[in-house]
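*Asks:* What follows is protein05.txt, compact mmCIF, C-alpha atoms.
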```txt
# COMPACT_ATOMS: atom_id res chain seq x y z
CA MET A 1 -9.53 -15.48 23.53
CA THR A 2 -9.96 -13.66 20.22
CA ALA A 3 -9.05 -10.09 19.32
CA THR A 4 -11.79 -7.69 18.27
CA CYS A 5 -10.79 -5.62 15.25
CA VAL A 6 -12.07 -2.57 13.36
CA ILE A 7 -10.76 -1.98 9.83
CA LEU A 8 -11.57 1.18 7.89
CA ASP A 9 -11.33 2.48 4.36
CA ILE A 10 -9.70 5.89 3.82
CA GLY A 11 -11.27 7.80 0.90
CA GLY A 12 -14.89 8.63 1.65
CA VAL A 13 -14.55 7.40 5.23
CA LEU A 14 -11.50 8.78 7.07
CA GLU A 15 -11.09 11.38 4.34
CA ILE A 16 -13.93 13.47 2.93
CA THR A 17 -13.32 13.40 -0.82
CA PRO A 18 -15.98 15.15 -2.93
CA GLU A 19 -15.34 15.55 -6.64
CA THR A 20 -13.60 18.84 -7.36
CA GLY A 21 -14.08 18.96 -11.13
CA TRP A 22 -10.34 19.14 -11.71
CA VAL A 23 -10.36 16.78 -14.70
CA GLN A 24 -13.05 18.77 -16.49
CA ARG A 25 -11.13 21.99 -15.87
CA TRP A 26 -7.99 20.50 -17.38
CA GLU A 27 -9.90 19.25 -20.42
CA GLU A 28 -11.28 22.75 -20.95
CA ARG A 29 -7.84 24.29 -20.45
CA LEU A 30 -6.26 21.89 -22.95
CA GLU A 31 -9.25 22.13 -25.33
CA LEU A 32 -9.86 18.39 -25.14
CA PRO A 33 -13.25 16.70 -25.57
CA PRO A 34 -14.92 15.62 -22.31
CA GLY A 35 -13.66 12.22 -21.17
CA THR A 36 -10.32 12.49 -22.97
CA VAL A 37 -8.18 12.53 -19.82
CA HIS A 38 -9.58 9.28 -18.44
CA GLU A 39 -9.57 7.70 -21.90
CA ARG A 40 -5.87 8.41 -22.31
CA MET A 41 -4.89 7.76 -18.71
CA HIS A 42 -7.11 4.90 -17.48
CA ASP A 43 -4.40 2.23 -17.77
CA VAL A 44 -1.93 4.53 -15.98
CA TRP A 45 -4.40 5.13 -13.14
CA ARG A 46 -4.88 1.37 -12.88
CA ALA A 47 -1.14 0.73 -12.85
CA GLY A 48 -0.61 3.33 -10.14
CA SER A 49 -3.35 1.81 -8.01
CA VAL A 50 -1.71 -1.62 -7.94
CA GLY A 51 1.88 -0.42 -7.83
CA SER A 52 2.96 -1.66 -11.25
CA MET A 53 4.09 1.86 -12.14
CA SER A 54 6.11 4.24 -9.97
CA GLU A 55 5.03 7.78 -9.16
CA GLY A 56 7.76 9.08 -11.43
CA GLU A 57 6.55 6.90 -14.29
CA VAL A 58 3.00 8.15 -13.74
CA ARG A 59 4.22 11.74 -14.08
CA GLU A 60 6.10 10.88 -17.27
CA GLN A 61 3.00 9.31 -18.81
CA VAL A 62 0.83 12.26 -17.79
CA ALA A 63 3.20 14.64 -19.55
CA VAL A 64 3.52 12.53 -22.69
CA ARG A 65 -0.13 11.53 -23.11
CA LEU A 66 -1.59 14.95 -22.37
CA GLY A 67 1.17 17.03 -23.92
CA LEU A 68 2.05 18.91 -20.74
CA ASP A 69 5.25 20.82 -20.00
CA ALA A 70 6.95 20.44 -16.62
CA LEU A 71 5.02 23.22 -14.88
CA GLN A 72 1.69 22.03 -16.28
CA CYS A 73 2.43 18.46 -15.22
CA GLU A 74 3.23 19.63 -11.70
CA ALA A 75 -0.04 21.57 -11.52
CA PHE A 76 -2.01 18.62 -12.96
CA MET A 77 -0.64 16.22 -10.35
CA ALA A 78 -1.27 18.76 -7.57
CA ASP A 79 -4.93 18.91 -8.61
CA LEU A 80 -5.11 15.11 -8.68
CA TRP A 81 -3.75 14.84 -5.14
CA ALA A 82 -5.96 17.65 -3.84
CA GLU A 83 -9.08 15.66 -4.75
CA TYR A 84 -7.57 12.32 -3.74
CA LEU A 85 -6.58 13.50 -0.25
CA GLY A 86 -9.68 15.61 0.40
CA THR A 87 -10.02 16.78 4.00
CA PRO A 88 -9.87 14.76 7.23
CA ASN A 89 -13.09 13.39 8.71
CA GLU A 90 -12.09 14.77 12.09
CA ASP A 91 -15.03 13.43 14.12
CA LEU A 92 -14.53 9.85 12.96
CA ILE A 93 -10.76 10.08 13.27
CA ASP A 94 -11.13 11.32 16.86
CA HIS A 95 -13.50 8.45 17.63
CA VAL A 96 -11.12 5.86 16.17
CA ARG A 97 -8.27 7.38 18.15
CA GLY A 98 -10.31 6.77 21.30
CA LEU A 99 -10.64 3.08 20.41
CA ARG A 100 -6.95 2.37 20.84
CA GLY A 101 -6.51 -0.21 23.57
CA ARG A 102 -10.09 -1.46 23.19
CA CYS A 103 -9.57 -3.32 19.90
CA ARG A 104 -7.14 -3.93 17.06
CA LEU A 105 -7.24 -1.18 14.43
CA GLY A 106 -6.38 -1.31 10.75
CA ILE A 107 -6.88 0.37 7.39
CA LEU A 108 -7.53 -1.29 4.02
CA SER A 109 -7.45 1.20 1.16
CA ASN A 110 -7.59 1.15 -2.62
CA SER A 111 -4.78 3.61 -3.12
CA PHE A 112 -2.28 5.15 -5.51
CA VAL A 113 1.50 5.32 -5.58
CA GLY A 114 2.56 8.14 -3.25
CA ALA A 115 -0.49 7.88 -1.00
CA ARG A 116 1.27 6.53 2.08
CA GLU A 117 3.79 9.34 2.20
CA ARG A 118 1.21 12.07 1.71
CA GLU A 119 -1.40 10.65 4.08
CA THR A 120 1.23 10.04 6.75
CA THR A 121 2.40 13.63 6.49
CA LEU A 122 -1.08 15.19 6.43
CA TYR A 123 -3.20 12.89 8.57
CA HIS A 124 -0.81 10.61 10.54
CA PHE A 125 -2.88 7.50 9.84
CA ASP A 126 0.20 5.47 10.76
CA GLU A 127 -0.30 6.69 14.35
CA LEU A 128 -4.07 6.10 14.27
CA VAL A 129 -4.02 2.37 13.49
CA GLU A 130 -1.65 -0.56 13.82
CA GLN A 131 -1.49 -1.61 10.17
CA ILE A 132 -2.28 0.12 6.87
CA VAL A 133 -2.68 -2.10 3.82
CA TYR A 134 -2.57 -0.13 0.56
CA SER A 135 -3.54 -1.64 -2.79
CA HIS A 136 -0.53 -0.09 -4.50
CA GLU A 137 1.77 -1.88 -2.06
CA ILE A 138 0.18 -5.35 -2.22
CA GLY A 139 -0.85 -5.24 -5.90
CA ILE A 140 -4.48 -6.12 -5.11
CA GLU A 141 -7.56 -3.90 -4.96
CA LYS A 142 -10.85 -4.35 -3.15
CA PRO A 143 -13.24 -6.07 -3.79
CA ASP A 144 -10.76 -8.89 -4.46
CA LEU A 145 -11.07 -11.19 -1.45
CA ARG A 146 -7.29 -11.43 -1.25
CA ALA A 147 -7.17 -7.81 -0.11
CA PHE A 148 -9.24 -8.69 2.97
CA GLU A 149 -7.07 -11.72 3.61
CA ALA A 150 -4.00 -9.48 3.43
CA VAL A 151 -5.24 -7.03 6.07
CA CYS A 152 -6.26 -9.86 8.40
CA ALA A 153 -2.82 -11.40 8.00
CA ALA A 154 -1.13 -8.05 8.67
CA LEU A 155 -3.11 -7.65 11.90
CA SER A 156 -2.98 -11.34 12.87
CA VAL A 157 -6.76 -11.45 13.32
CA ARG A 158 -9.57 -13.71 12.16
CA PRO A 159 -12.06 -12.32 9.62
CA GLU A 160 -15.01 -13.17 11.88
CA ASP A 161 -13.60 -10.90 14.59
CA CYS A 162 -13.37 -7.90 12.26
CA LEU A 163 -15.75 -5.07 11.45
CA PHE A 164 -14.91 -3.54 8.07
CA ILE A 165 -16.15 -0.04 7.19
CA ASP A 166 -16.27 1.24 3.61
CA ASP A 167 -18.31 3.74 1.59
CA ALA A 168 -18.66 1.40 -1.42
CA SER A 169 -21.33 -1.29 -1.19
CA VAL A 170 -19.37 -3.63 -3.47
CA ASN A 171 -16.52 -3.63 -0.96
CA VAL A 172 -18.88 -4.15 1.97
CA ARG A 173 -20.34 -7.20 0.25
CA ALA A 174 -16.87 -8.53 -0.50
CA ALA A 175 -15.84 -8.12 3.14
CA GLN A 176 -18.89 -10.15 4.16
CA GLU A 177 -17.95 -12.83 1.63
CA ALA A 178 -14.49 -12.87 3.21
CA GLY A 179 -16.12 -13.67 6.57
CA MET A 180 -16.08 -10.20 8.15
CA GLN A 181 -18.78 -8.11 9.72
CA ALA A 182 -19.19 -5.08 7.46
CA HIS A 183 -20.80 -1.65 7.56
CA LEU A 184 -21.58 0.74 4.70
CA PHE A 185 -20.38 4.20 5.71
CA GLU A 186 -23.06 6.84 5.19
CA ASP A 187 -22.45 9.17 8.11
CA ASN A 188 -20.42 9.34 11.30
CA ALA A 189 -23.27 8.82 13.75
CA ARG A 190 -24.42 5.50 12.32
CA THR A 191 -20.85 4.32 11.87
CA ILE A 192 -19.92 5.10 15.48
CA THR A 193 -23.06 3.29 16.66
CA ARG A 194 -22.12 0.25 14.56
CA ILE A 195 -18.59 0.22 15.95
CA ALA A 196 -19.96 0.35 19.50
CA ALA A 197 -22.24 -2.61 18.81
CA HIS A 198 -19.31 -4.59 17.41
CA LEU A 199 -17.16 -3.89 20.45
CA ASP A 200 -19.97 -4.69 22.88
CA ALA A 201 -20.39 -8.08 21.24
CA ARG A 202 -16.72 -9.04 21.43
CA PRO A 203 -14.09 -9.51 24.15
CA LEU A 204 -11.30 -7.01 24.68
CA VAL A 205 -7.88 -7.47 23.09
CA PRO A 206 -5.88 -9.87 25.30
CA GLY A 207 -3.55 -8.04 27.64
CA ARG A 208 -4.98 -4.59 26.87
CA ALA A 209 -7.07 -2.47 29.20
CA PRO A 210 -9.73 -0.15 27.78
CA ILE A 211 -8.90 3.54 27.63
CA ALA A 212 -10.79 5.46 30.31
```
Give the structure from the file, written as structure tokens.
*Replies:*
Amino acid sequence: MTATCVILDIGGVLEITPETGWVQRWEERLELPPGTVHERMHDVWRAGSVGSMSEGEVREQVAVRLGLDALQCEAFMADLWAEYLGTPNEDLIDHVRGLRGRCRLGILSNSFVGARERETTLYHFDELVEQIVYSHEIGIEKPDLRAFEAVCAALSVRPEDCLFIDDASVNVRAAQEAGMQAHLFEDNARTITRIAAHLDARPLVPGRAPIA
């Protein structure tokens, strides 16, 4: 018997993460031309997302490349994390919590160094699902097919038994190429309906009874 599995993205799915305009505000504050922050920092953001640079090293590069003192650097990073973490998608989180015992549950997230600690503290995703696979910890980002292989390996499930949910169509297509069922997140109602259809089509996890 196979194990049904639901795997979710974090940003834009379990977290609501609209743009806050923080970069533009910092460019105005520092009297920098629009686009300067990303131009100077793009390789640092990339390094942080695949774990080739520590959080401390990111801070050092932010200070050096943007000419920030210690207090400014602290405020800059606070603004970065405020947009990154957003607010919890409570309705979807509550629904996923109710799935425990009915299927295997995992997270696959393109992330940034420091994300696990902050998201664990704020949102307790480690209690919501069985395994969380972060890009900064495995050194691979979606839509690389190896990221989907990594989460399946972590959960000991087959790709064909998984439903993957993401708000980026490129990642949904990649999940399908990896052999998964996949759903583009647009709103909670359609996502919950798609999860229900996936569970109805698959057997229960061996040895687990559904939650009443």
*Asks:* Of the residues A:Leu122, A:Leu92, A:Ile138, A:Leu163, which is the one nearest to A:Ala189, using all atoms listed in the file?
*Replies:*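 Comparing A:Leu122, A:Leu92, A:Ile138, A:Leu163 against A:Ala189, the winner is A:Leu92.
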*Asks:* Can you find the residues with an atom no farther than 6 Å from (-13.3, -0.2, 9.7), counting all atoms listed in the file, and report them as a ChimeraX atom specification?
*Replies:* /A:6-8,163-165
*Asks:* Looking at A:Val113, A:Leu80, A:Ala147, A:Ile93, which one is nearest to A:Glu55, with distances taken over all atoms listed in the file?
*Replies:* A:Val113
*Asks:* Nearest to A:Arg146 among A:Leu128, A:Ala175, A:Ala115, A:Leu85, with distances taken over only C-alpha atoms: which residue is it?
*Replies:*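 Of all the options, A:Ala175 lies closest to A:Arg146.
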*Asks:* Can you measure atom CA of A:Asp144 to atom CA of A:Ala178 for me? One decimal in Å is fine.
*Replies:*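 About the pair atom CA of A:Asp144 and atom CA of A:Ala178: they are 9.4 Å apart.
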*Asks:* Could you list, as a list in words, every residue within 8 Å of A:Ile107, counting all atoms listed in the file and ignoring same-chain residues fewer than 6 positions away?
*Replies:*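 Those residues are Ile7, Leu8, Asp9, Ile10, Val129, Gln131, Ile132, Val133 and Val151 of chain A.
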*Asks:* Can you tell me, as a list of chain:residue names, what residues are no more than 10 Å from A:Glu177 when counting only C-alpha atoms, ignoring any on the same chain fewer than 3 positions away?
*Replies:*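 That gives A:Pro143, A:Leu145, A:Phe148, A:Pro159, A:Asn171, A:Val172, A:Arg173, A:Ala174, A:Met180, A:Gln181, A:Ala182.
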*Asks:* Take the residues just selected and output them with C-alpha atoms as a PDB file, in the frame of the given file.
*Replies:*
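What follows is the written file out34.pdb:
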```pdb
ATOM      1  CA  PRO A 143     -13.240  -6.070  -3.790  1.00  0.00           C
ATOM      2  CA  LEU A 145     -11.070 -11.190  -1.450  1.00  0.00           C
ATOM      3  CA  PHE A 148      -9.240  -8.690   2.970  1.00  0.00           C
ATOM      4  CA  PRO A 159     -12.060 -12.320   9.620  1.00  0.00           C
ATOM      5  CA  ASN A 171     -16.520  -3.630  -0.960  1.00  0.00           C
ATOM      6  CA  VAL A 172     -18.880  -4.150   1.970  1.00  0.00           C
ATOM      7  CA  ARG A 173     -20.340  -7.200   0.250  1.00  0.00           C
ATOM      8  CA  ALA A 174     -16.870  -8.530  -0.500  1.00  0.00           C
ATOM      9  CA  MET A 180     -16.080 -10.200   8.150  1.00  0.00           C
ATOM     10  CA  GLN A 181     -18.780  -8.110   9.720  1.00  0.00           C
ATOM     11  CA  ALA A 182     -19.190  -5.080   7.460  1.00  0.00           C
TER      12      ALA A 182
END
```
*Asks:* Counting all atoms listed in the file, which residue out of A:Ala63, A:Ala150, A:Met41, A:Leu14 sits closest to A:Asn188?
*Replies:*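 Of A:Ala63, A:Ala150, A:Met41, A:Leu14, the one nearest A:Asn188, counting all atoms listed in the file, is A:Leu14.
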*Asks:* Please report the interatomic distance between atom CA of A:Ala47 and atom CA of A:Thr87 in Å with one decimal.
*Replies:*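 About the pair atom CA of A:Ala47 and atom CA of A:Thr87: they are 24.9 Å apart.
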*Asks:* State, in Å with one decimal place, the distance from atom CA of A:Ser109 to atom CA of A:Ser135.
*Replies:* 6.2 Å
*Asks:* When you look at A:Gly56 with a cut-off of 12 Å (counting all atoms listed in the file), what residues show up, excluding the ones that are within fewer than 3 positions of it in the same chain? I need them as a list in words.
*Replies:* Val44, Gly48, Gly51, Ser52, Met53, Arg59, Glu60, Gln61, Val62, Ala63, Cys73, Glu74, Met77, Val113 and Gly114 of chain A
*Asks:* Could you take the residues named above and write them with C-alpha atoms, as an mmCIF file, in the frame of the given file?
*Replies:*
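Below you can see selection_33.cif, which holds the result:
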```cif
data_model
loop_
_atom_site.group_PDB
_atom_site.id
_atom_site.type_symbol
_atom_site.label_atom_id
_atom_site.label_comp_id
_atom_site.auth_asym_id
_atom_site.auth_seq_id
_atom_site.Cartn_x
_atom_site.Cartn_y
_atom_site.Cartn_z
ATOM 1 C CA VAL A 44 -1.930 4.530 -15.980
ATOM 2 C CA GLY A 48 -0.610 3.330 -10.140
ATOM 3 C CA GLY A 51 1.880 -0.420 -7.830
ATOM 4 C CA SER A 52 2.960 -1.660 -11.250
ATOM 5 C CA MET A 53 4.090 1.860 -12.140
ATOM 6 C CA ARG A 59 4.220 11.740 -14.080
ATOM 7 C CA GLU A 60 6.100 10.880 -17.270
ATOM 8 C CA GLN A 61 3.000 9.310 -18.810
ATOM 9 C CA VAL A 62 0.830 12.260 -17.790
ATOM 10 C CA ALA A 63 3.200 14.640 -19.550
ATOM 11 C CA CYS A 73 2.430 18.460 -15.220
ATOM 12 C CA GLU A 74 3.230 19.630 -11.700
ATOM 13 C CA MET A 77 -0.640 16.220 -10.350
ATOM 14 C CA VAL A 113 1.500 5.320 -5.580
ATOM 15 C CA GLY A 114 2.560 8.140 -3.250
#
```
*Asks:* Select, from A:Glu141, A:Asp91, A:Asp69, A:Asp200, the residue with the minimum atom-to-atom distance to A:Ile16, counting only C-alpha atoms.
*Replies:* A:Asp91
*Asks:* Missing atoms in stretch 43-60 of chain A: fill them in up to N, CA, C and O atoms and send the result as a PDB file, in the coordinates of the input.
*Replies:*
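Everything below was put into selection-v9.pdb:
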```
ATOM      1  N   ASP A  43      -5.313   3.325 -18.074  1.00  0.00           N
ATOM      2  CA  ASP A  43      -4.400   2.230 -17.770  1.00  0.00           C
ATOM      3  C   ASP A  43      -3.278   2.694 -16.831  1.00  0.00           C
ATOM      4  O   ASP A  43      -2.761   1.900 -16.030  1.00  0.00           O
ATOM      5  N   VAL A  44      -2.938   3.976 -16.903  1.00  0.00           N
ATOM      6  CA  VAL A  44      -1.930   4.530 -15.980  1.00  0.00           C
ATOM      7  C   VAL A  44      -2.513   4.618 -14.569  1.00  0.00           C
ATOM      8  O   VAL A  44      -1.846   4.263 -13.588  1.00  0.00           O
ATOM      9  N   TRP A  45      -3.761   5.089 -14.468  1.00  0.00           N
ATOM     10  CA  TRP A  45      -4.400   5.130 -13.140  1.00  0.00           C
ATOM     11  C   TRP A  45      -4.465   3.736 -12.546  1.00  0.00           C
ATOM     12  O   TRP A  45      -4.208   3.545 -11.352  1.00  0.00           O
ATOM     13  N   ARG A  46      -4.815   2.754 -13.360  1.00  0.00           N
ATOM     14  CA  ARG A  46      -4.880   1.370 -12.880  1.00  0.00           C
ATOM     15  C   ARG A  46      -3.512   0.885 -12.419  1.00  0.00           C
ATOM     16  O   ARG A  46      -3.382   0.292 -11.351  1.00  0.00           O
ATOM     17  N   ALA A  47      -2.485   1.165 -13.207  1.00  0.00           N
ATOM     18  CA  ALA A  47      -1.140   0.730 -12.850  1.00  0.00           C
ATOM     19  C   ALA A  47      -0.675   1.368 -11.544  1.00  0.00           C
ATOM     20  O   ALA A  47      -0.068   0.720 -10.693  1.00  0.00           O
ATOM     21  N   GLY A  48      -0.993   2.649 -11.381  1.00  0.00           N
ATOM     22  CA  GLY A  48      -0.610   3.330 -10.140  1.00  0.00           C
ATOM     23  C   GLY A  48      -1.336   2.790  -8.936  1.00  0.00           C
ATOM     24  O   GLY A  48      -0.802   2.786  -7.818  1.00  0.00           O
ATOM     25  N   SER A  49      -2.558   2.299  -9.137  1.00  0.00           N
ATOM     26  CA  SER A  49      -3.350   1.810  -8.010  1.00  0.00           C
ATOM     27  C   SER A  49      -2.908   0.439  -7.522  1.00  0.00           C
ATOM     28  O   SER A  49      -3.217   0.064  -6.387  1.00  0.00           O
ATOM     29  N   VAL A  50      -2.208  -0.306  -8.371  1.00  0.00           N
ATOM     30  CA  VAL A  50      -1.710  -1.620  -7.940  1.00  0.00           C
ATOM     31  C   VAL A  50      -0.187  -1.670  -7.897  1.00  0.00           C
ATOM     32  O   VAL A  50       0.410  -2.732  -7.754  1.00  0.00           O
ATOM     33  N   GLY A  51       0.441  -0.504  -8.018  1.00  0.00           N
ATOM     34  CA  GLY A  51       1.880  -0.420  -7.830  1.00  0.00           C
ATOM     35  C   GLY A  51       2.732  -0.976  -8.940  1.00  0.00           C
ATOM     36  O   GLY A  51       3.922  -1.225  -8.749  1.00  0.00           O
ATOM     37  N   SER A  52       2.157  -1.158 -10.143  1.00  0.00           N
ATOM     38  CA  SER A  52       2.960  -1.660 -11.250  1.00  0.00           C
ATOM     39  C   SER A  52       3.639  -0.539 -12.014  1.00  0.00           C
ATOM     40  O   SER A  52       4.345  -0.788 -12.994  1.00  0.00           O
ATOM     41  N   MET A  53       3.430   0.687 -11.561  1.00  0.00           N
ATOM     42  CA  MET A  53       4.090   1.860 -12.140  1.00  0.00           C
ATOM     43  C   MET A  53       4.460   2.787 -10.987  1.00  0.00           C
ATOM     44  O   MET A  53       3.685   2.968 -10.053  1.00  0.00           O
ATOM     45  N   SER A  54       5.655   3.342 -11.023  1.00  0.00           N
ATOM     46  CA  SER A  54       6.110   4.240  -9.970  1.00  0.00           C
ATOM     47  C   SER A  54       5.469   5.611 -10.119  1.00  0.00           C
ATOM     48  O   SER A  54       4.902   5.939 -11.180  1.00  0.00           O
ATOM     49  N   GLU A  55       5.578   6.428  -9.078  1.00  0.00           N
ATOM     50  CA  GLU A  55       5.030   7.780  -9.160  1.00  0.00           C
ATOM     51  C   GLU A  55       5.727   8.590 -10.248  1.00  0.00           C
ATOM     52  O   GLU A  55       5.090   9.355 -10.972  1.00  0.00           O
ATOM     53  N   GLY A  56       7.030   8.393 -10.381  1.00  0.00           N
ATOM     54  CA  GLY A  56       7.760   9.080 -11.430  1.00  0.00           C
ATOM     55  C   GLY A  56       7.303   8.676 -12.816  1.00  0.00           C
ATOM     56  O   GLY A  56       7.167   9.515 -13.718  1.00  0.00           O
ATOM     57  N   GLU A  57       7.035   7.388 -12.994  1.00  0.00           N
ATOM     58  CA  GLU A  57       6.550   6.900 -14.290  1.00  0.00           C
ATOM     59  C   GLU A  57       5.150   7.433 -14.584  1.00  0.00           C
ATOM     60  O   GLU A  57       4.824   7.718 -15.740  1.00  0.00           O
ATOM     61  N   VAL A  58       4.321   7.567 -13.552  1.00  0.00           N
ATOM     62  CA  VAL A  58       3.000   8.150 -13.740  1.00  0.00           C
ATOM     63  C   VAL A  58       3.143   9.574 -14.267  1.00  0.00           C
ATOM     64  O   VAL A  58       2.471   9.977 -15.235  1.00  0.00           O
ATOM     65  N   ARG A  59       4.012  10.353 -13.645  1.00  0.00           N
ATOM     66  CA  ARG A  59       4.220  11.740 -14.080  1.00  0.00           C
ATOM     67  C   ARG A  59       4.682  11.795 -15.546  1.00  0.00           C
ATOM     68  O   ARG A  59       4.226  12.642 -16.318  1.00  0.00           O
ATOM     69  N   GLU A  60       5.603  10.910 -15.901  1.00  0.00           N
ATOM     70  CA  GLU A  60       6.100  10.880 -17.270  1.00  0.00           C
ATOM     71  C   GLU A  60       4.972  10.608 -18.260  1.00  0.00           C
ATOM     72  O   GLU A  60       4.879  11.253 -19.314  1.00  0.00           O
TER      73      GLU A  60
END
```
